[in-house]
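Single-structure report; data block below.
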Amino acid sequence: MRIGMLTGGGDCPGLNAVIRAVVRKGEGQYGHNIVGYRHGWRGVMKGESIDLSVGSTRGLLPRGGTILGTSRTNPFKSDDGPQRVKSTLARDRIEALIAIGGEDTLGVAHKLAADGVNVVGVPKTIDNDLSATDFTFGFHTAVQIATDAIDRLHTTAESHDRVMVVEVMGRHAGWIATYAGLAGGADVILVPEEPFDIEEVCDRITHRHQRGANFSIVVVAEGAVPVEGTMELQSGERDEFGHVRLGGIGTRLAEEIEERTGFEARTTQLGHVLRGGSPTAYDRVIATRFGVEAIDAVHEGDYGVMVALRGTEVVRVPIEEGVERLKTVDRKLYDTAAVFFG
Ligand code: F6P
């Protein structure tokens with residue numbers, strides 16, 4: 001059997017571990033041929049592929065990024081996009097496709113599955129905002145990098161009596177901010193799920209400093225927004241899935257905090273650093289388990305499904321369940337983090 005595979009959306013630690021696992025079991029145990037499409041859906045539309053083999057995928061387990069390349073191309077943005085995808089698959093004699101990606105990539109996979117393409121999805125995103133899976137790989141690595149950064153920023157915060165604002169990724173959901181803030185001992189955590197009141201943030205910091213603290217750490221997700229009309233924000237350009245390019249809320253926040261409280265404030269925008277480098281052991285393990293489950297699903301002809309982590313088990317769920325709504329931060333978890341605010 002000839003099986004295609006692609007990685008779409010933002011790169012993420014663990015993508016290469018999935019690729020390796022699919023090939024190792026697909027070719028090594030089942031004897032299938034695995035073809036990798038370059039740069040997500042763009043490569044399928046353009047017919048750009050490379051043959052993958054056990055030999056060519058050796059050494060990938062700890063390597064960050066994706067050897068296939070990735071893009072945010074959406075085939076449904078052009079009239080002939082879906083047809084071009086199908087033509088490439090027919091030309092390359094591909095019987096099934098493994099799509100590794102987040103809400104956008106898997107959203108496309110879901111539509112193509114409804115249109116008769118044999119697809120299996122693998123959920124990926126550092127944001128951890130895909131439904132139907134407890135965790136996506138990449139998230140744990142991002143949290144670890146952010147926590148290490150917060151630990152280091154404590155040094156400057158304490159030495160200079162400063163408010164350090166740490167901006168992390170998290171477009172629609174504040175999972176990274178909440179986990180890293182909790183792990184790093186943040187004094188304020190701001191997430192997209194709950195618009196913040198800048199006055200309340202400043203009161204909390206002031207109160208903390210009045211009680212003897214000489215510094216504060218504020219962790220903010222890039223998608224966090226102020227309560228309407230309370231603080232001005234810039235808006236950026238949009239990608240093919242309609243998402244605005246974010247980044248910058250941390251700088252605005254530090255300016256406002258400094259002006260309103262009189263405490264010196266600085267910002268660190270962690271951005272793509274969170275997506276870079278080698279996956280943690282935890283992410284290598286889930287990525288590998290996801291890859292093995294995905295190739296098993298293809299081998300069994302179980303299509304239209306996405307592999308998912310439920311508790312400690314890797315299971316299969318309809319792709320639709322993963323993409324129908326975003327998984328936002330659990331209230332109870334946020335409340336636990338909030339115990340340590342101020
Ligand atoms: O979707 C994952 C993510 O890392 C988001 O947290 C972030 O907003 C976005 O990707 C950034 O995308 P890009 O690398 O295309 O700017």
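Just so we're on the same page: first chain in the structure tokens is A, next is B, and so on; residues restart at 1 for each chain, and ligands are numbered from 1 in the order they show up.
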
Skip Val163 in chain A itself and residues of its chain fewer than 2 positions away, then list as a list in words all residues within 8 Å of it, counting only C-alpha atoms.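 Residues near the query, excluding close chain neighbours: Ala157, Asp161, Val165, Phe215, Ser216, Ile217, Val218, Ala254, Phe263, Glu264, Ala265 and Arg266 of chain A.
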
Within-9 Å residues of ligand 1, basis only C-alpha atoms and all ligand atoms, as a ChimeraX atom specification: /A:9-12,71-72,102-104,124-128,168-173,221-223,239,243-247,271-272,274-275

Among A:Thr133, A:Asn118, A:Ser159, A:Gln83, Ala96 in chain A is approached most closely, using only C-alpha atoms, by A:Asn118

Would you mind listing what lies within 8 Å of range 333-340 of chain A as a ChimeraX atom specification, with only C-alpha atoms counted and same-chain residues fewer than 2 positions away left out? /A:178,181-182,185-189,329-331,342

Give me the residues within 8 Å of range 209-214 of chain A as a ChimeraX atom specification, counting only C-alpha atoms and dropping any in the same chain fewer than 3 places off. /A:158,161-162,205-206

Among range 85-261 of chain A, which residues does DSSP mark as helix (DSSP H, G or I) when it is run on the backbone? Keep the chain and numbering as in the structure and answer as number ranges by chain. A: 85-91, 103-114, 139-160, 175-184, 198-210, 249-261

Neighbour list for range 107-117 of chain A as a CSV table (one decimal) with N, CA and C atoms, in the first residue's frame, cut-off 9 Å, only C-alpha atoms, skip fewer than 2 positions in-chain:
```csv
chain,number,residue,atom,x,y,z
A,41,TRP,N,-0.3,21.0,3.1
A,41,TRP,CA,-1.2,20.9,2.0
A,41,TRP,C,-0.7,21.5,0.7
A,74,ASN,N,-4.1,26.6,2.8
A,74,ASN,CA,-5.4,26.0,2.9
A,74,ASN,C,-6.0,25.7,1.5
A,75,PRO,N,-6.1,24.4,1.1
A,75,PRO,CA,-6.5,24.1,-0.2
A,75,PRO,C,-7.9,24.6,-0.5
A,76,PHE,N,-8.7,24.8,0.5
A,76,PHE,CA,-10.1,25.2,0.3
A,76,PHE,C,-10.2,26.7,0.1
A,82,PRO,N,-9.1,21.5,-3.6
A,82,PRO,CA,-9.4,20.2,-3.2
A,82,PRO,C,-9.2,19.2,-4.4
A,86,LYS,N,-6.7,15.9,-4.8
A,86,LYS,CA,-7.1,14.5,-5.2
A,86,LYS,C,-6.3,14.0,-6.4
A,95,GLU,N,-3.1,5.6,-1.4
A,95,GLU,CA,-4.4,5.1,-0.9
A,95,GLU,C,-4.9,5.7,0.4
A,96,ALA,N,-4.0,6.2,1.1
A,96,ALA,CA,-4.4,6.9,2.4
A,96,ALA,C,-3.4,7.9,2.8
A,97,LEU,N,-3.9,8.9,3.5
A,97,LEU,CA,-3.0,10.1,3.9
A,97,LEU,C,-3.0,10.2,5.4
A,98,ILE,N,-1.8,10.4,6.0
A,98,ILE,CA,-1.8,10.8,7.4
A,98,ILE,C,-1.4,12.2,7.5
A,99,ALA,N,-2.4,13.0,8.1
A,99,ALA,CA,-2.2,14.5,8.2
A,99,ALA,C,-1.9,14.8,9.6
A,102,GLY,N,-2.7,20.8,13.4
A,102,GLY,CA,-3.6,21.4,14.4
A,102,GLY,C,-5.0,21.6,13.8
A,103,GLU,N,-5.7,22.5,14.4
A,103,GLU,CA,-7.1,22.7,14.0
A,103,GLU,C,-7.3,23.0,12.5
A,104,ASP,N,-6.4,23.8,11.9
A,104,ASP,CA,-6.5,24.1,10.5
A,104,ASP,C,-6.2,22.9,9.6
A,105,THR,N,-5.1,22.3,9.8
A,105,THR,CA,-4.7,21.1,9.0
A,105,THR,C,-5.7,20.0,9.1
A,119,VAL,N,-8.3,9.5,5.1
A,119,VAL,CA,-7.4,10.3,5.9
A,119,VAL,C,-7.4,9.8,7.4
A,120,VAL,N,-6.2,9.9,8.0
A,120,VAL,CA,-6.1,9.7,9.4
A,120,VAL,C,-5.3,10.9,10.0
A,121,GLY,N,-5.9,11.5,11.0
A,121,GLY,CA,-5.2,12.7,11.6
A,121,GLY,C,-4.4,12.4,12.8
A,303,TYR,N,-10.6,4.9,8.6
A,303,TYR,CA,-10.3,6.3,8.1
A,303,TYR,C,-11.3,7.3,8.8
A,304,GLY,N,-10.9,8.6,8.6
A,304,GLY,CA,-11.8,9.7,9.1
A,304,GLY,C,-11.6,9.8,10.6
A,305,VAL,N,-10.5,9.2,11.1
A,305,VAL,CA,-10.3,9.3,12.6
A,305,VAL,C,-9.0,10.1,12.9
A,318,PRO,N,-13.4,10.3,15.9
A,318,PRO,CA,-13.7,11.0,14.6
A,318,PRO,C,-12.9,12.3,14.6
A,319,ILE,N,-12.3,12.6,13.4
A,319,ILE,CA,-11.5,13.9,13.3
A,319,ILE,C,-12.4,15.1,13.7
A,320,GLU,N,-13.7,15.0,13.3
A,320,GLU,CA,-14.6,16.1,13.7
A,320,GLU,C,-14.6,16.4,15.1
A,322,GLY,N,-12.2,16.4,17.1
A,322,GLY,CA,-11.0,17.2,17.5
A,322,GLY,C,-11.1,18.6,17.0
A,323,VAL,N,-11.8,18.9,15.9
A,323,VAL,CA,-11.8,20.2,15.3
A,323,VAL,C,-13.1,21.0,15.5
A,324,GLU,N,-14.2,20.4,16.1
A,324,GLU,CA,-15.4,21.1,16.1
A,324,GLU,C,-15.4,22.3,17.0
```

Would you give me, as a JSON list (two decimals) with N, CA and C atoms, in the first residue's frame, the residues in range 98-254 of chain A that DSSP reads as strand (DSSP E or B)?
```json
[["chain", "number", "residue", "atom", "x", "y", "z"],
["A", 98, "ILE", "N", -1.84, 10.43, 5.95],
["A", 98, "ILE", "CA", -1.76, 10.76, 7.39],
["A", 98, "ILE", "C", -1.45, 12.25, 7.48],
["A", 99, "ALA", "N", -2.37, 13.01, 8.06],
["A", 99, "ALA", "CA", -2.20, 14.46, 8.18],
["A", 99, "ALA", "C", -1.87, 14.78, 9.63],
["A", 100, "ILE", "N", -0.70, 15.38, 9.83],
["A", 100, "ILE", "CA", -0.26, 15.72, 11.18],
["A", 100, "ILE", "C", -0.38, 17.24, 11.34],
["A", 101, "GLY", "N", -1.27, 17.69, 12.21],
["A", 101, "GLY", "CA", -1.44, 19.14, 12.32],
["A", 101, "GLY", "C", -2.42, 19.53, 13.39],
["A", 119, "VAL", "N", -8.30, 9.48, 5.08],
["A", 119, "VAL", "CA", -7.40, 10.29, 5.91],
["A", 119, "VAL", "C", -7.39, 9.81, 7.37],
["A", 120, "VAL", "N", -6.21, 9.87, 7.98],
["A", 120, "VAL", "CA", -6.09, 9.67, 9.43],
["A", 120, "VAL", "C", -5.35, 10.90, 9.97],
["A", 121, "GLY", "N", -5.85, 11.48, 11.04],
["A", 121, "GLY", "CA", -5.24, 12.69, 11.59],
["A", 121, "GLY", "C", -4.39, 12.41, 12.82],
["A", 122, "VAL", "N", -3.35, 13.22, 12.98],
["A", 122, "VAL", "CA", -2.53, 13.17, 14.20],
["A", 122, "VAL", "C", -2.51, 14.59, 14.76],
["A", 123, "PRO", "N", -3.01, 14.78, 16.00],
["A", 123, "PRO", "CA", -3.12, 16.14, 16.55],
["A", 123, "PRO", "C", -1.79, 16.69, 17.04],
["A", 124, "LYS", "N", -1.47, 17.88, 16.57],
["A", 124, "LYS", "CA", -0.22, 18.55, 16.94],
["A", 124, "LYS", "C", -0.50, 20.00, 17.24],
["A", 130, "LEU", "N", -6.57, 21.60, 20.97],
["A", 130, "LEU", "CA", -7.43, 20.70, 20.17],
["A", 130, "LEU", "C", -8.30, 19.88, 21.11],
["A", 137, "PHE", "N", 1.24, 16.70, 21.37],
["A", 137, "PHE", "CA", 2.69, 16.76, 21.58],
["A", 137, "PHE", "C", 3.17, 18.17, 21.21],
["A", 163, "VAL", "N", 9.00, 44.61, 37.40],
["A", 163, "VAL", "CA", 7.89, 43.74, 36.97],
["A", 163, "VAL", "C", 8.34, 43.16, 35.63],
["A", 164, "MET", "N", 8.45, 41.84, 35.55],
["A", 164, "MET", "CA", 8.85, 41.20, 34.29],
["A", 164, "MET", "C", 7.61, 40.59, 33.65],
["A", 165, "VAL", "N", 7.30, 41.04, 32.46],
["A", 165, "VAL", "CA", 6.15, 40.50, 31.73],
["A", 165, "VAL", "C", 6.68, 39.48, 30.73],
["A", 166, "VAL", "N", 6.17, 38.26, 30.80],
["A", 166, "VAL", "CA", 6.63, 37.19, 29.91],
["A", 166, "VAL", "C", 5.49, 36.83, 28.97],
["A", 167, "GLU", "N", 5.69, 37.09, 27.69],
["A", 167, "GLU", "CA", 4.63, 36.77, 26.72],
["A", 167, "GLU", "C", 4.91, 35.41, 26.08],
["A", 168, "VAL", "N", 3.92, 34.54, 26.14],
["A", 168, "VAL", "CA", 4.07, 33.20, 25.56],
["A", 168, "VAL", "C", 3.03, 33.00, 24.45],
["A", 188, "VAL", "N", 0.78, 36.93, 38.20],
["A", 188, "VAL", "CA", -0.43, 37.20, 37.41],
["A", 188, "VAL", "C", -0.32, 36.36, 36.15],
["A", 189, "ILE", "N", -1.43, 35.73, 35.74],
["A", 189, "ILE", "CA", -1.45, 35.00, 34.47],
["A", 189, "ILE", "C", -2.65, 35.50, 33.68],
["A", 190, "LEU", "N", -2.40, 35.94, 32.44],
["A", 190, "LEU", "CA", -3.51, 36.46, 31.63],
["A", 190, "LEU", "C", -3.70, 35.57, 30.41],
["A", 196, "PHE", "N", -8.87, 40.70, 30.45],
["A", 196, "PHE", "CA", -8.35, 41.21, 31.72],
["A", 196, "PHE", "C", -8.66, 42.68, 31.90],
["A", 216, "SER", "N", 7.60, 41.44, 40.50],
["A", 216, "SER", "CA", 6.46, 40.59, 40.11],
["A", 216, "SER", "C", 6.74, 39.97, 38.75],
["A", 217, "ILE", "N", 6.15, 38.80, 38.56],
["A", 217, "ILE", "CA", 6.25, 38.12, 37.26],
["A", 217, "ILE", "C", 4.83, 37.99, 36.70],
["A", 218, "VAL", "N", 4.64, 38.56, 35.51],
["A", 218, "VAL", "CA", 3.34, 38.48, 34.85],
["A", 218, "VAL", "C", 3.51, 37.61, 33.61],
["A", 219, "VAL", "N", 2.71, 36.54, 33.49],
["A", 219, "VAL", "CA", 2.77, 35.71, 32.29],
["A", 219, "VAL", "C", 1.51, 35.99, 31.48],
["A", 220, "VAL", "N", 1.71, 36.34, 30.21],
["A", 220, "VAL", "CA", 0.56, 36.68, 29.38],
["A", 220, "VAL", "C", 0.59, 35.86, 28.08],
["A", 221, "ALA", "N", -0.56, 35.28, 27.74],
["A", 221, "ALA", "CA", -0.66, 34.58, 26.46],
["A", 221, "ALA", "C", -0.82, 35.62, 25.36],
["A", 226, "PRO", "N", -7.60, 42.80, 26.60],
["A", 226, "PRO", "CA", -8.17, 43.59, 27.70],
["A", 226, "PRO", "C", -9.69, 43.67, 27.57],
["A", 238, "ARG", "N", -3.52, 38.78, 8.43],
["A", 238, "ARG", "CA", -4.15, 37.47, 8.60],
["A", 238, "ARG", "C", -3.54, 36.42, 7.68],
["A", 244, "VAL", "N", -5.16, 36.20, 12.80],
["A", 244, "VAL", "CA", -4.32, 37.39, 12.87],
["A", 244, "VAL", "C", -2.96, 37.01, 13.43]]
```

Residue with smallest distance to Glu193 in chain A - pool A:Gly8, A:Gly174, A:Pro13, A:Gly40, counting only C-alpha atoms: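 The answer is A:Gly174, which sits nearest to Glu193 in chain A.
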
In terms of only C-alpha atoms, the residue from A:Ile19, A:Leu309, A:Ile198, A:Leu233 at minimal distance from Gly69 in chain A is A:Ile19

What lies within 6 Å of range 290-294 of chain A using only C-alpha atoms, ignoring chain neighbours under 6 positions off, as a list in words? Val18, Ala21 and Val22 of chain A

Just write the chosen residues, N, CA and C atoms, as a CSV table (one decimal), in the first residue's frame.
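The resulting file, result_12.csv, is reproduced below:
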```csv
chain,number,residue,atom,x,y,z
A,18,VAL,N,6.9,11.6,15.1
A,18,VAL,CA,5.7,11.0,14.5
A,18,VAL,C,6.1,10.4,13.2
A,21,ALA,N,8.0,7.2,13.6
A,21,ALA,CA,7.2,6.1,14.1
A,21,ALA,C,6.3,5.5,13.0
A,22,VAL,N,5.7,6.4,12.2
A,22,VAL,CA,4.9,6.0,11.1
A,22,VAL,C,5.7,5.1,10.1
```
